[in-house]
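Visitor: What follows is entry.tsv, TSV, C-alpha atoms and all ligand atoms.
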```tsv
chain	number	residue	atom	x	y	z
A	1	MET	CA	-51.56	-131.86	-59.00
A	2	ARG	CA	-52.51	-128.48	-60.49
A	3	GLN	CA	-54.00	-130.30	-63.48
A	4	ALA	CA	-55.95	-132.56	-61.12
A	5	LEU	CA	-57.14	-129.47	-59.24
A	6	ALA	CA	-58.49	-127.90	-62.44
A	7	LEU	CA	-60.23	-131.18	-63.33
A	8	GLY	CA	-61.87	-131.31	-59.91
A	9	GLN	CA	-63.33	-127.84	-60.43
A	10	ARG	CA	-65.08	-129.13	-63.57
A	11	ALA	CA	-67.07	-131.45	-61.32
A	12	ARG	CA	-67.92	-128.71	-58.78
A	13	LEU	CA	-71.59	-128.32	-59.65
A	14	HIS	CA	-72.77	-131.89	-59.87
A	15	THR	CA	-71.23	-134.14	-57.20
A	16	THR	CA	-72.57	-133.06	-53.82
A	17	PRO	CA	-72.87	-134.52	-51.25
A	18	ASN	CA	-69.75	-136.18	-52.71
A	19	PRO	CA	-66.51	-134.24	-53.18
A	20	TRP	CA	-65.53	-132.82	-56.58
A	21	VAL	CA	-62.21	-134.59	-57.11
A	22	GLY	CA	-59.77	-134.50	-60.00
A	23	ALA	CA	-57.21	-137.21	-60.82
A	24	VAL	CA	-54.36	-137.54	-63.31
A	25	VAL	CA	-52.51	-140.73	-64.24
A	26	VAL	CA	-48.95	-140.23	-65.54
A	27	THR	CA	-47.68	-143.47	-67.11
A	28	THR	CA	-44.11	-144.76	-67.19
A	29	THR	CA	-43.84	-143.47	-70.78
A	30	GLY	CA	-45.09	-140.00	-69.78
A	31	ASP	CA	-48.60	-140.30	-71.18
A	32	VAL	CA	-51.27	-138.45	-69.19
A	33	PHE	CA	-54.85	-139.58	-68.52
A	34	GLU	CA	-57.49	-137.56	-66.70
A	35	GLY	CA	-60.62	-138.07	-64.64
A	36	PHE	CA	-63.02	-136.13	-62.46
A	37	THR	CA	-65.87	-137.23	-60.22
A	38	ALA	CA	-69.10	-138.22	-61.96
A	39	PRO	CA	-72.51	-137.30	-60.42
A	40	PRO	CA	-73.52	-139.39	-57.36
A	41	GLY	CA	-73.67	-143.09	-58.18
A	42	GLY	CA	-71.13	-142.68	-61.00
A	43	LEU	CA	-67.40	-143.38	-60.92
A	44	HIS	CA	-64.96	-141.42	-58.77
A	45	ALA	CA	-62.15	-139.39	-60.37
A	46	GLU	CA	-59.39	-141.97	-59.79
A	47	ARG	CA	-61.45	-144.76	-61.35
A	48	ARG	CA	-62.23	-142.66	-64.42
A	49	ALA	CA	-58.59	-141.71	-64.92
A	50	LEU	CA	-57.54	-145.37	-64.48
A	51	GLU	CA	-60.17	-146.48	-66.98
A	52	ALA	CA	-58.85	-143.95	-69.48
A	53	ALA	CA	-55.29	-145.22	-68.96
A	54	GLY	CA	-56.19	-148.94	-69.21
A	55	HIS	CA	-53.17	-151.28	-69.04
A	56	ALA	CA	-50.81	-148.29	-69.23
A	57	ALA	CA	-51.67	-147.56	-65.58
A	58	ALA	CA	-49.25	-150.29	-64.46
A	59	GLY	CA	-46.28	-148.61	-62.78
A	60	ALA	CA	-47.85	-145.15	-63.18
A	61	THR	CA	-47.98	-142.21	-60.78
A	62	VAL	CA	-51.50	-141.06	-59.89
A	63	TYR	CA	-52.19	-137.53	-58.71
A	64	THR	CA	-55.50	-137.15	-56.90
A	65	THR	CA	-56.77	-134.06	-55.10
A	66	LEU	CA	-58.39	-136.08	-52.29
A	67	GLU	CA	-57.38	-139.24	-50.44
A	68	PRO	CA	-58.85	-142.21	-52.35
A	69	CYS	CA	-61.88	-143.82	-50.73
A	70	ALA	CA	-61.40	-147.17	-49.05
A	71	HIS	CA	-64.99	-148.15	-48.35
A	72	HIS	CA	-67.90	-149.63	-50.25
A	73	GLY	CA	-70.42	-146.87	-50.91
A	74	ARG	CA	-72.43	-146.63	-54.10
A	75	THR	CA	-69.18	-147.60	-55.85
A	76	SER	CA	-66.41	-150.02	-54.83
A	77	PRO	CA	-63.27	-148.60	-53.14
A	78	CYS	CA	-60.88	-146.56	-55.28
A	79	THR	CA	-58.00	-148.07	-53.30
A	80	ASP	CA	-58.93	-151.52	-54.74
A	81	ALA	CA	-58.90	-150.10	-58.26
A	82	LEU	CA	-55.49	-148.44	-57.74
A	83	VAL	CA	-54.00	-151.67	-56.35
A	84	ALA	CA	-55.55	-153.78	-59.13
A	85	ALA	CA	-54.18	-151.40	-61.78
A	86	GLY	CA	-50.67	-151.89	-60.39
A	87	VAL	CA	-49.83	-148.21	-59.99
A	88	ALA	CA	-46.47	-147.47	-58.38
A	89	ARG	CA	-47.13	-144.17	-56.65
A	90	VAL	CA	-50.07	-142.06	-55.50
A	91	VAL	CA	-49.73	-138.35	-54.71
A	92	VAL	CA	-52.61	-137.02	-52.60
A	93	GLY	CA	-53.71	-133.36	-52.31
A	94	VAL	CA	-55.49	-133.55	-48.96
A	95	ALA	CA	-56.52	-136.33	-46.59
A	96	ASP	CA	-60.26	-137.05	-46.53
A	97	PRO	CA	-61.83	-136.22	-43.13
A	98	ASP	CA	-64.94	-138.28	-43.96
A	99	PRO	CA	-65.19	-140.82	-41.11
A	100	ASN	CA	-65.46	-143.63	-43.70
A	101	VAL	CA	-62.03	-142.73	-45.08
A	102	ALA	CA	-59.96	-140.69	-42.56
A	103	GLY	CA	-56.55	-142.15	-43.33
A	104	THR	CA	-57.65	-145.68	-44.21
A	105	GLY	CA	-57.28	-144.92	-47.93
A	106	LEU	CA	-53.63	-143.88	-47.44
A	107	ALA	CA	-52.98	-146.86	-45.16
A	108	GLN	CA	-54.47	-149.40	-47.57
A	109	LEU	CA	-52.39	-148.11	-50.48
A	110	ALA	CA	-49.21	-148.18	-48.39
A	111	ALA	CA	-50.02	-151.70	-47.17
A	112	ALA	CA	-50.27	-152.81	-50.80
A	113	GLY	CA	-46.74	-151.55	-51.44
A	114	ILE	CA	-47.74	-148.36	-53.27
A	115	GLU	CA	-45.62	-145.30	-52.51
A	116	VAL	CA	-47.94	-142.67	-51.03
A	117	THR	CA	-46.91	-139.01	-50.97
A	118	MET	CA	-48.80	-135.96	-49.77
A	119	ALA	CA	-48.67	-132.95	-52.13
A	120	ALA	CA	-46.31	-130.05	-51.37
A	121	ASP	CA	-47.70	-127.44	-48.97
A	122	ALA	CA	-48.38	-124.71	-51.55
A	123	VAL	CA	-50.47	-126.87	-53.86
A	124	ALA	CA	-52.08	-128.67	-50.90
A	125	ALA	CA	-53.33	-125.28	-49.65
A	126	ASP	CA	-54.94	-124.63	-53.04
A	127	VAL	CA	-56.55	-128.07	-53.02
A	128	GLU	CA	-57.83	-127.46	-49.47
A	129	ARG	CA	-59.34	-124.18	-50.62
A	130	SER	CA	-61.04	-125.69	-53.67
A	131	LEU	CA	-62.60	-128.47	-51.56
A	132	GLN	CA	-63.34	-126.20	-48.59
A	133	PRO	CA	-67.16	-126.64	-48.43
A	134	TYR	CA	-66.82	-130.44	-48.61
A	135	LEU	CA	-63.98	-130.61	-46.06
A	136	HIS	CA	-65.88	-128.29	-43.70
A	137	HIS	CA	-69.02	-130.42	-43.95
A	138	ARG	CA	-67.14	-133.64	-43.16
A	139	ARG	CA	-65.15	-132.05	-40.32
A	140	THR	CA	-68.03	-130.29	-38.56
A	141	GLY	CA	-71.20	-132.00	-39.78
A	142	ARG	CA	-72.50	-128.58	-40.83
A	143	PRO	CA	-72.85	-127.10	-44.32
A	144	TYR	CA	-70.34	-124.44	-45.37
A	145	VAL	CA	-72.35	-121.26	-44.81
A	146	VAL	CA	-71.84	-118.45	-47.34
A	147	LEU	CA	-73.52	-115.12	-46.59
A	148	LYS	CA	-73.97	-113.02	-49.71
A	149	LEU	CA	-75.12	-109.40	-49.81
A	150	ALA	CA	-75.15	-106.67	-52.44
A	151	MET	CA	-74.50	-103.22	-51.04
A	152	THR	CA	-73.88	-99.63	-51.98
A	153	LEU	CA	-70.57	-98.00	-51.18
A	154	ASP	CA	-72.26	-96.36	-48.20
A	155	GLY	CA	-73.28	-99.72	-46.77
A	156	ARG	CA	-76.95	-100.01	-47.71
A	157	THR	CA	-78.70	-103.11	-49.05
A	158	ALA	CA	-82.04	-101.53	-49.97
A	159	ALA	CA	-83.56	-98.07	-50.36
A	160	PRO	CA	-85.91	-96.67	-47.67
A	161	ASP	CA	-88.90	-97.86	-49.77
A	162	GLY	CA	-87.55	-101.45	-49.66
A	163	THR	CA	-86.40	-101.63	-53.27
A	164	SER	CA	-83.02	-103.30	-53.82
A	165	GLN	CA	-83.15	-104.37	-57.46
A	166	TRP	CA	-80.63	-103.79	-58.69
A	167	ILE	CA	-77.77	-102.47	-56.66
A	168	THR	CA	-75.15	-104.25	-58.76
A	169	GLY	CA	-74.70	-104.78	-62.50
A	170	PRO	CA	-75.10	-107.86	-64.71
A	171	GLU	CA	-71.59	-109.25	-64.12
A	172	ALA	CA	-72.06	-109.34	-60.35
A	173	ARG	CA	-75.52	-110.84	-60.70
A	174	ALA	CA	-74.19	-113.56	-63.01
A	175	ASP	CA	-71.55	-114.31	-60.36
A	176	VAL	CA	-74.36	-114.72	-57.80
A	177	HIS	CA	-75.94	-117.26	-60.12
A	178	ARG	CA	-72.71	-119.24	-60.02
A	179	LEU	CA	-72.73	-119.07	-56.19
A	180	ARG	CA	-76.30	-120.37	-56.19
A	181	ALA	CA	-75.43	-123.17	-58.59
A	182	GLU	CA	-72.62	-124.24	-56.23
A	183	SER	CA	-74.94	-124.24	-53.23
A	184	ASP	CA	-77.28	-127.00	-52.13
A	185	ALA	CA	-79.81	-124.67	-50.52
A	186	ILE	CA	-80.57	-120.95	-50.35
A	187	VAL	CA	-81.91	-119.25	-47.23
A	188	VAL	CA	-83.87	-116.04	-47.54
A	189	GLY	CA	-85.92	-114.07	-45.02
A	190	ALA	CA	-89.66	-113.67	-45.18
A	191	GLY	CA	-89.09	-109.91	-45.29
A	192	THR	CA	-87.20	-110.28	-48.55
A	193	VAL	CA	-89.93	-112.49	-49.98
A	194	ARG	CA	-92.49	-109.85	-49.00
A	195	ALA	CA	-90.40	-107.02	-50.52
A	196	ASP	CA	-88.95	-108.69	-53.62
A	197	ASP	CA	-90.66	-112.05	-54.18
A	198	PRO	CA	-87.26	-113.17	-55.54
A	199	SER	CA	-87.02	-116.00	-58.03
A	200	LEU	CA	-83.48	-116.91	-56.75
A	201	THR	CA	-82.57	-118.24	-60.13
A	202	VAL	CA	-79.35	-119.64	-61.59
A	203	ARG	CA	-80.61	-118.72	-65.07
A	204	SER	CA	-77.84	-116.49	-66.42
A	205	PHE	CA	-75.19	-118.92	-65.28
A	206	HIS	CA	-73.40	-120.43	-68.26
A	207	PRO	CA	-70.47	-122.53	-67.05
A	208	ALA	CA	-67.35	-122.56	-69.22
A	209	HIS	CA	-67.34	-126.35	-69.06
A	210	PRO	CA	-70.96	-127.48	-68.97
A	211	PRO	CA	-71.39	-130.10	-66.27
A	212	GLU	CA	-72.78	-133.49	-67.14
A	213	ARG	CA	-75.99	-132.54	-65.46
A	214	ALA	CA	-77.62	-129.12	-65.56
A	215	PRO	CA	-76.81	-126.91	-62.54
A	216	LEU	CA	-78.85	-128.10	-59.63
A	217	ASP	CA	-81.84	-126.08	-58.64
A	218	PRO	CA	-80.94	-125.43	-55.02
A	219	ARG	CA	-83.51	-125.99	-52.30
A	220	ARG	CA	-85.08	-122.78	-51.00
A	221	ILE	CA	-85.61	-122.22	-47.30
A	222	VAL	CA	-87.51	-119.21	-46.03
A	223	LEU	CA	-86.99	-118.01	-42.47
A	224	GLY	CA	-90.29	-116.75	-41.09
A	225	THR	CA	-93.78	-116.94	-42.44
A	226	LEU	CA	-94.19	-117.28	-46.19
A	227	PRO	CA	-96.60	-114.74	-47.58
A	228	PRO	CA	-99.44	-116.27	-49.63
A	229	GLY	CA	-98.66	-116.25	-53.34
A	230	ALA	CA	-94.87	-116.11	-52.89
A	231	ARG	CA	-93.09	-117.41	-55.94
A	232	VAL	CA	-90.15	-118.92	-54.04
A	233	GLU	CA	-90.80	-122.54	-54.98
A	234	PRO	CA	-90.03	-125.18	-53.92
A	235	ALA	CA	-89.50	-123.80	-50.43
A	236	GLU	CA	-89.70	-124.96	-46.87
A	237	THR	CA	-90.07	-122.57	-43.96
A	238	HIS	CA	-88.11	-122.67	-40.73
A	239	THR	CA	-89.07	-121.08	-37.45
A	240	GLY	CA	-86.44	-122.58	-35.10
A	241	THR	CA	-83.00	-121.19	-34.33
A	242	ILE	CA	-80.29	-120.61	-36.93
A	243	ARG	CA	-78.07	-123.26	-35.31
A	244	GLU	CA	-80.87	-125.85	-35.42
A	245	LEU	CA	-81.41	-125.13	-39.10
A	246	VAL	CA	-77.72	-125.37	-39.95
A	247	GLN	CA	-77.25	-128.58	-37.94
A	248	ARG	CA	-80.28	-130.18	-39.57
A	249	LEU	CA	-79.20	-129.29	-43.08
A	250	GLY	CA	-75.75	-130.72	-42.35
A	251	SER	CA	-77.27	-134.01	-41.23
A	252	GLU	CA	-79.31	-134.00	-44.46
A	253	HIS	CA	-75.97	-133.98	-46.37
A	254	LEU	CA	-76.12	-130.39	-47.59
A	255	VAL	CA	-72.56	-129.31	-48.23
A	256	GLN	CA	-73.01	-125.58	-48.97
A	257	LEU	CA	-75.70	-123.21	-47.77
A	258	LEU	CA	-76.12	-119.76	-49.31
A	259	VAL	CA	-77.74	-117.07	-47.17
A	260	GLU	CA	-79.13	-114.24	-49.26
A	261	GLY	CA	-80.50	-111.90	-46.60
A	262	GLY	CA	-82.18	-109.51	-45.98
A	263	ALA	CA	-80.79	-107.49	-43.14
A	264	SER	CA	-82.59	-109.30	-40.34
A	265	VAL	CA	-81.63	-112.81	-41.47
A	266	ALA	CA	-78.08	-111.65	-42.32
A	267	GLY	CA	-77.70	-110.11	-38.85
A	268	ASP	CA	-78.93	-113.26	-37.11
A	269	PHE	CA	-76.61	-115.48	-39.14
A	270	HIS	CA	-73.65	-113.18	-38.52
A	271	ARG	CA	-74.27	-113.09	-34.77
A	272	SER	CA	-74.75	-116.87	-34.68
A	273	GLY	CA	-71.05	-117.20	-35.56
A	274	LEU	CA	-71.93	-119.85	-38.16
A	275	VAL	CA	-70.99	-117.91	-41.29
A	276	ASP	CA	-67.89	-119.41	-42.94
A	277	ARG	CA	-67.57	-116.94	-45.82
A	278	TYR	CA	-68.95	-113.46	-46.40
A	279	VAL	CA	-69.37	-112.42	-50.03
A	280	PHE	CA	-70.09	-108.72	-50.45
A	281	TYR	CA	-70.85	-107.27	-53.86
A	282	MET	CA	-70.19	-103.56	-53.60
A	283	ALA	CA	-71.44	-101.09	-56.19
A	284	PRO	CA	-69.99	-97.60	-56.70
A	285	ALA	CA	-73.39	-96.18	-55.76
A	286	MET	CA	-74.57	-94.34	-52.66
A	287	LEU	CA	-78.02	-93.80	-51.23
A	288	GLY	CA	-76.52	-90.82	-49.49
A	289	GLY	CA	-78.42	-90.84	-46.22
A	290	GLY	CA	-79.04	-92.76	-43.04
A	291	ASP	CA	-82.51	-94.04	-43.89
A	292	GLY	CA	-81.74	-96.97	-46.24
A	293	VAL	CA	-81.66	-100.64	-45.13
A	294	PRO	CA	-78.29	-101.50	-43.52
A	295	VAL	CA	-76.31	-104.71	-44.15
A	296	PHE	CA	-77.34	-106.10	-40.76
A	297	SER	CA	-80.27	-105.12	-38.60
A	298	GLY	CA	-80.47	-105.91	-34.88
A	299	GLN	CA	-77.95	-105.22	-32.16
A	300	GLY	CA	-74.30	-105.03	-33.21
A	301	ALA	CA	-71.05	-104.66	-31.24
A	302	PRO	CA	-71.53	-101.94	-28.57
A	303	THR	CA	-67.92	-100.76	-28.66
A	304	MET	CA	-64.78	-101.04	-30.82
A	305	ASP	CA	-63.26	-103.61	-28.45
A	306	ASP	CA	-66.05	-106.00	-29.47
A	307	VAL	CA	-65.89	-105.39	-33.20
A	308	TRP	CA	-65.87	-108.50	-35.45
A	309	ARG	CA	-62.75	-108.70	-37.58
A	310	GLY	CA	-62.10	-111.06	-40.46
A	311	VAL	CA	-59.53	-111.61	-43.17
A	312	ILE	CA	-59.95	-110.61	-46.82
A	313	ASP	CA	-59.87	-113.82	-48.84
A	314	GLY	CA	-60.57	-112.46	-52.30
A	315	LEU	CA	-61.04	-109.18	-54.11
A	316	ARG	CA	-62.29	-109.16	-57.68
A	317	ARG	CA	-63.71	-106.60	-60.06
A	318	LEU	CA	-66.96	-107.63	-61.76
A	319	GLY	CA	-67.95	-105.03	-64.35
A	320	ASP	CA	-68.55	-101.78	-62.44
A	321	ASP	CA	-68.70	-103.56	-59.08
A	322	ILE	CA	-66.30	-105.41	-56.79
A	323	ARG	CA	-66.66	-108.71	-54.97
A	324	ILE	CA	-65.02	-108.88	-51.54
A	325	ASP	CA	-64.70	-112.24	-49.81
A	326	VAL	CA	-64.07	-112.19	-46.07
A	327	VAL	CA	-63.56	-115.22	-43.81
A	328	PRO	CA	-63.45	-115.36	-40.01
A	329	ARG	CA	-59.92	-114.99	-38.61
A	330	ASP	CA	-59.82	-118.43	-37.06
A	331	ALA	CA	-60.73	-120.00	-40.46
A	332	SER	CA	-57.81	-118.47	-42.39
A	333	PRO	CA	-54.58	-120.48	-42.72
A	401	LIG	N1	-78.93	-106.12	-51.16
A	401	LIG	C1	-79.12	-107.39	-50.93
A	401	LIG	O1	-78.24	-108.24	-51.17
A	401	LIG	C2	-80.43	-107.83	-50.38
A	401	LIG	C3	-80.69	-109.19	-50.23
A	401	LIG	C4	-81.90	-109.58	-49.69
A	401	LIG	C5	-82.81	-108.61	-49.30
A	401	LIG	N2	-82.55	-107.30	-49.46
A	401	LIG	C6	-83.50	-106.29	-49.03
A	401	LIG	O2	-83.66	-106.43	-47.65
A	401	LIG	C7	-84.98	-106.00	-47.28
A	401	LIG	C8	-85.60	-107.05	-46.37
A	401	LIG	O3	-84.83	-107.17	-45.19
A	401	LIG	P1	-85.57	-107.42	-43.81
A	401	LIG	O4	-84.52	-107.33	-42.76
A	401	LIG	O5	-86.74	-106.57	-43.77
A	401	LIG	O6	-86.12	-108.90	-43.96
A	401	LIG	P2	-85.49	-110.37	-44.00
A	401	LIG	O7	-84.23	-110.46	-43.22
A	401	LIG	O8	-85.48	-110.83	-45.40
A	401	LIG	O9	-86.66	-111.16	-43.29
A	401	LIG	C9	-87.04	-110.84	-41.99
A	401	LIG	C10	-88.02	-111.89	-41.55
A	401	LIG	O10	-87.38	-113.16	-41.57
A	401	LIG	C11	-87.82	-113.92	-40.45
A	401	LIG	N3	-86.62	-114.15	-39.64
A	401	LIG	C12	-85.54	-113.37	-39.52
A	401	LIG	N4	-84.65	-113.90	-38.71
A	401	LIG	C13	-85.15	-115.08	-38.33
A	401	LIG	C14	-84.69	-116.11	-37.47
A	401	LIG	N5	-83.48	-116.03	-36.87
A	401	LIG	N6	-85.45	-117.18	-37.29
A	401	LIG	C15	-86.64	-117.28	-37.90
A	401	LIG	N7	-87.15	-116.32	-38.71
A	401	LIG	C16	-86.41	-115.24	-38.92
A	401	LIG	C17	-88.86	-113.10	-39.76
A	401	LIG	O11	-90.10	-113.46	-40.40
A	401	LIG	P3	-91.56	-113.37	-39.73
A	401	LIG	O12	-91.76	-111.91	-39.53
A	401	LIG	O13	-92.47	-113.96	-40.75
A	401	LIG	O14	-91.44	-114.15	-38.49
A	401	LIG	C18	-88.48	-111.69	-40.14
A	401	LIG	O15	-89.55	-110.79	-40.11
A	401	LIG	C19	-85.75	-105.84	-48.55
A	401	LIG	O16	-85.90	-104.46	-48.79
A	401	LIG	C20	-84.87	-106.47	-49.60
A	401	LIG	O17	-85.00	-105.81	-50.85
A	401	LIG	C21	-81.37	-106.88	-49.98
```
Could you rewrite the structure in this file as structure tokens?
Guide:
Amino acid sequence: MRQALALGQRARLHTTPNPWVGAVVVTTTGDVFEGFTAPPGGLHAERRALEAAGHAAAGATVYTTLEPCAHHGRTSPCTDALVAAGVARVVVGVADPDPNVAGTGLAQLAAAGIEVTMAADAVAADVERSLQPYLHHRRTGRPYVVLKLAMTLDGRTAAPDGTSQWITGPEARADVHRLRAESDAIVVGAGTVRADDPSLTVRSFHPAHPPERAPLDPRRIVLGTLPPGARVEPAETHTGTIRELVQRLGSEHLVQLLVEGGASVAGDFHRSGLVDRYVFYMAPAMLGGGDGVPVFSGQGAPTMDDVWRGVIDGLRRLGDDIRIDVVPRDASP
């Protein structure tokens, strides 16, 4: 299952709105065949691994990170392919909450006499984590919202004159490019467009395993009024509430939304309660006063009893900087 998990990650950048699944076929003679999800319209992971195995798939055990699909979409059901190949056993990382699947994949395999096993808890938790944006989208109908901010050690995201480029070093900025490449859309405030005219690029992102299609150019959404001549293209503007925006993007099959600030947009998203992951890049730098731009503007908790508390879900050094991932308490296992 760990091998299947690693394969699934190779598909991470080019399958949405479909899940990035990995599958491994282990034959009766111990030979191993691999597959991961092709871009939309292409074959799913299980089908690719079965194709690689050919006739040797008869009697094999198949490890797949996600419950096989049982419905006709752009491709025929993976359950049909597994039954036709004559596999003996299927080990599944996590059940698929997509309403088209939701247990029917497991049931169809079992009805065909295939032994179906769910992965052990420890590896299942890792699979759940790797598919988190997809699983969240299918469970809630909303994209997985990631709020990213670069800050100084004393909690500032821009200097008093509005400049914020660059707080962090090249390693952290390359990591942001990876976050963008994983996301289906980027939200940025009109204030940031006015101050920075950001290009929001994925340009320095060089994946270790180049995907079959170049990293997607995520859609850009600007909250507020776009200043004339802004370079953020292609962009749409939104003037409704944060919840309306998030709901709409979920119904448009966006699986991951990256919010890049500034302080006003970050504060509104935070207070909306719709942020699923906070990614803070913190530099060992200090503006040294109270007049820089804070992480969030607007009204915060009035007293310690009301303070928002999360759980640290990752801590990584990137060059001179650190990346801290924080998730809401109710989202952590
Ligand atoms: N360090 C970092 O990671 C980072 C990241 C981004 C930006 N920054 C810095 O942050 C500063 C800009 O921050 P900021 O707070 O001034 O601006 P901002 O948050 O980028 O944009 C504020 C504008 O966005 C619109 N807006 C905000 N909330 C909205 C909502 N809920 N619904 C609809 N529209 C909404 C409004 O536009 P209208 O006024 O047009 O209605 C508002 O004036 C810049 O100095 C920039 O360099 C730092």
Visitor: Have a look at atom C5 of ligand LIG 401 (chain A) and CA of Glu171 (chain A) and let me know their distance in Å, one decimal.
Guide: 18.6 Å
Visitor: Compare A:Met1, A:Ala102, A:Ala283, A:Ala185 by their minimum atom-to-atom distance to Asp321 (chain A), counting all atoms listed in the file, and give me the closest one.
Guide: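 Once distances to Asp321 (chain A) are computed over all atoms listed in the file, the minimum belongs to A:Ala283.
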Visitor: Ranking A:Leu131, A:Thr61, A:Glu233, A:Met118 by minimum distance to Gly30 (chain A) and counting only C-alpha atoms, which one comes first?
Guide: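 Counting only C-alpha atoms, the residue closest to Gly30 (chain A) is A:Thr61.
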Visitor: Please identify every polymer residue within 6 Å of ligand LIG 401 (chain A), using only C-alpha atoms and all ligand atoms, and present the set as a count of residues only.
Guide: 29
Visitor: Which neighbours of Gly267 (chain A) fall inside 10 Å, counting only C-alpha atoms, when residues of the same chain fewer than 5 positions from it are skipped, and could you give them as a list in words?
Guide: Gly261, Gly262, Ser272, Pro294, Val295, Phe296, Ser297, Gly298, Gln299 and Gly300 of chain A
Visitor: With C-alpha atoms kept, could you save the residues just selected as a short mmCIF file (atom, residue, chain, number, x, y, z; two decimals), in the frame of the given file?
Guide:
```
data_model
loop_
_atom_site.label_atom_id
_atom_site.label_comp_id
_atom_site.auth_asym_id
_atom_site.auth_seq_id
_atom_site.Cartn_x
_atom_site.Cartn_y
_atom_site.Cartn_z
CA GLY A 261 -80.50 -111.90 -46.60
CA GLY A 262 -82.18 -109.51 -45.98
CA SER A 272 -74.75 -116.87 -34.68
CA PRO A 294 -78.29 -101.50 -43.52
CA VAL A 295 -76.31 -104.71 -44.15
CA PHE A 296 -77.34 -106.10 -40.76
CA SER A 297 -80.27 -105.12 -38.60
CA GLY A 298 -80.47 -105.91 -34.88
CA GLN A 299 -77.95 -105.22 -32.16
CA GLY A 300 -74.30 -105.03 -33.21
#
```
Visitor: Using only C-alpha atoms, pick whichever of A:Ala23, A:Val101, A:Ala124, A:Val232 has the shortest atom-to-atom distance to Leu82 (chain A).
Guide: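 Residue with the minimum atom-to-atom distance to Leu82 (chain A): A:Ala23.
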Visitor: Nearest to Thr15 (chain A) among A:Leu245, A:Cys78, A:Leu109, A:Val255, with distances taken over all atoms listed in the file: which residue is it?
Guide: A:Val255
Visitor: Point out the residue among A:Thr28, A:Thr152, A:Ser183, A:Asn18 with the least atom-to-atom distance to Ala88 (chain A), counting only C-alpha atoms.
Guide: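 Under the stated criterion, the closest residue is A:Thr28.
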Visitor: Show me the residues close to (-71.0, -141.6, -57.2) - anything with an atom within 10 Å, counting all atoms listed in the file - and format the list as a list in words.
Guide: Thr15, Thr16, Pro17, Asn18, Pro19, Thr37, Ala38, Pro39, Pro40, Gly41, Gly42, Leu43, His44, Ala45, Gly73, Arg74, Thr75 and Ser76 of chain A
Visitor: As a PDB file, in the coordinates of the input, please: region 61-72 of chain A completed to N, CA and C atoms.
Guide:
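Okay, out_38.pdb is ready:
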```
ATOM      1  N   THR A  61     -47.760-143.079 -61.936  1.00  0.00           N
ATOM      2  CA  THR A  61     -47.980-142.210 -60.780  1.00  0.00           C
ATOM      3  C   THR A  61     -49.358-141.587 -60.928  1.00  0.00           C
ATOM      4  N   VAL A  62     -50.153-141.630 -59.858  1.00  0.00           N
ATOM      5  CA  VAL A  62     -51.500-141.060 -59.890  1.00  0.00           C
ATOM      6  C   VAL A  62     -51.543-139.843 -58.967  1.00  0.00           C
ATOM      7  N   TYR A  63     -51.999-138.737 -59.506  1.00  0.00           N
ATOM      8  CA  TYR A  63     -52.190-137.530 -58.710  1.00  0.00           C
ATOM      9  C   TYR A  63     -53.687-137.393 -58.457  1.00  0.00           C
ATOM     10  N   THR A  64     -54.082-137.305 -57.194  1.00  0.00           N
ATOM     11  CA  THR A  64     -55.500-137.150 -56.900  1.00  0.00           C
ATOM     12  C   THR A  64     -55.659-136.070 -55.827  1.00  0.00           C
ATOM     13  N   THR A  65     -56.649-135.195 -56.020  1.00  0.00           N
ATOM     14  CA  THR A  65     -56.770-134.060 -55.100  1.00  0.00           C
ATOM     15  C   THR A  65     -57.187-134.503 -53.696  1.00  0.00           C
ATOM     16  N   LEU A  66     -57.896-135.620 -53.598  1.00  0.00           N
ATOM     17  CA  LEU A  66     -58.390-136.080 -52.290  1.00  0.00           C
ATOM     18  C   LEU A  66     -57.960-137.524 -52.058  1.00  0.00           C
ATOM     19  N   GLU A  67     -57.733-137.852 -50.806  1.00  0.00           N
ATOM     20  CA  GLU A  67     -57.380-139.240 -50.440  1.00  0.00           C
ATOM     21  C   GLU A  67     -58.387-140.213 -51.064  1.00  0.00           C
ATOM     22  N   PRO A  68     -57.911-141.259 -51.723  1.00  0.00           N
ATOM     23  CA  PRO A  68     -58.850-142.210 -52.350  1.00  0.00           C
ATOM     24  C   PRO A  68     -59.730-142.900 -51.296  1.00  0.00           C
ATOM     25  N   CYS A  69     -60.961-143.177 -51.681  1.00  0.00           N
ATOM     26  CA  CYS A  69     -61.880-143.820 -50.730  1.00  0.00           C
ATOM     27  C   CYS A  69     -61.504-145.287 -50.570  1.00  0.00           C
ATOM     28  N   ALA A  70     -61.795-145.804 -49.376  1.00  0.00           N
ATOM     29  CA  ALA A  70     -61.400-147.170 -49.050  1.00  0.00           C
ATOM     30  C   ALA A  70     -62.601-147.994 -48.612  1.00  0.00           C
ATOM     31  N   HIS A  71     -63.786-147.482 -48.846  1.00  0.00           N
ATOM     32  CA  HIS A  71     -64.990-148.150 -48.350  1.00  0.00           C
ATOM     33  C   HIS A  71     -65.974-148.404 -49.493  1.00  0.00           C
ATOM     34  N   HIS A  72     -66.857-149.340 -49.272  1.00  0.00           N
ATOM     35  CA  HIS A  72     -67.900-149.630 -50.250  1.00  0.00           C
ATOM     36  C   HIS A  72     -69.050-148.654 -50.027  1.00  0.00           C
TER      37      HIS A  72
END
```
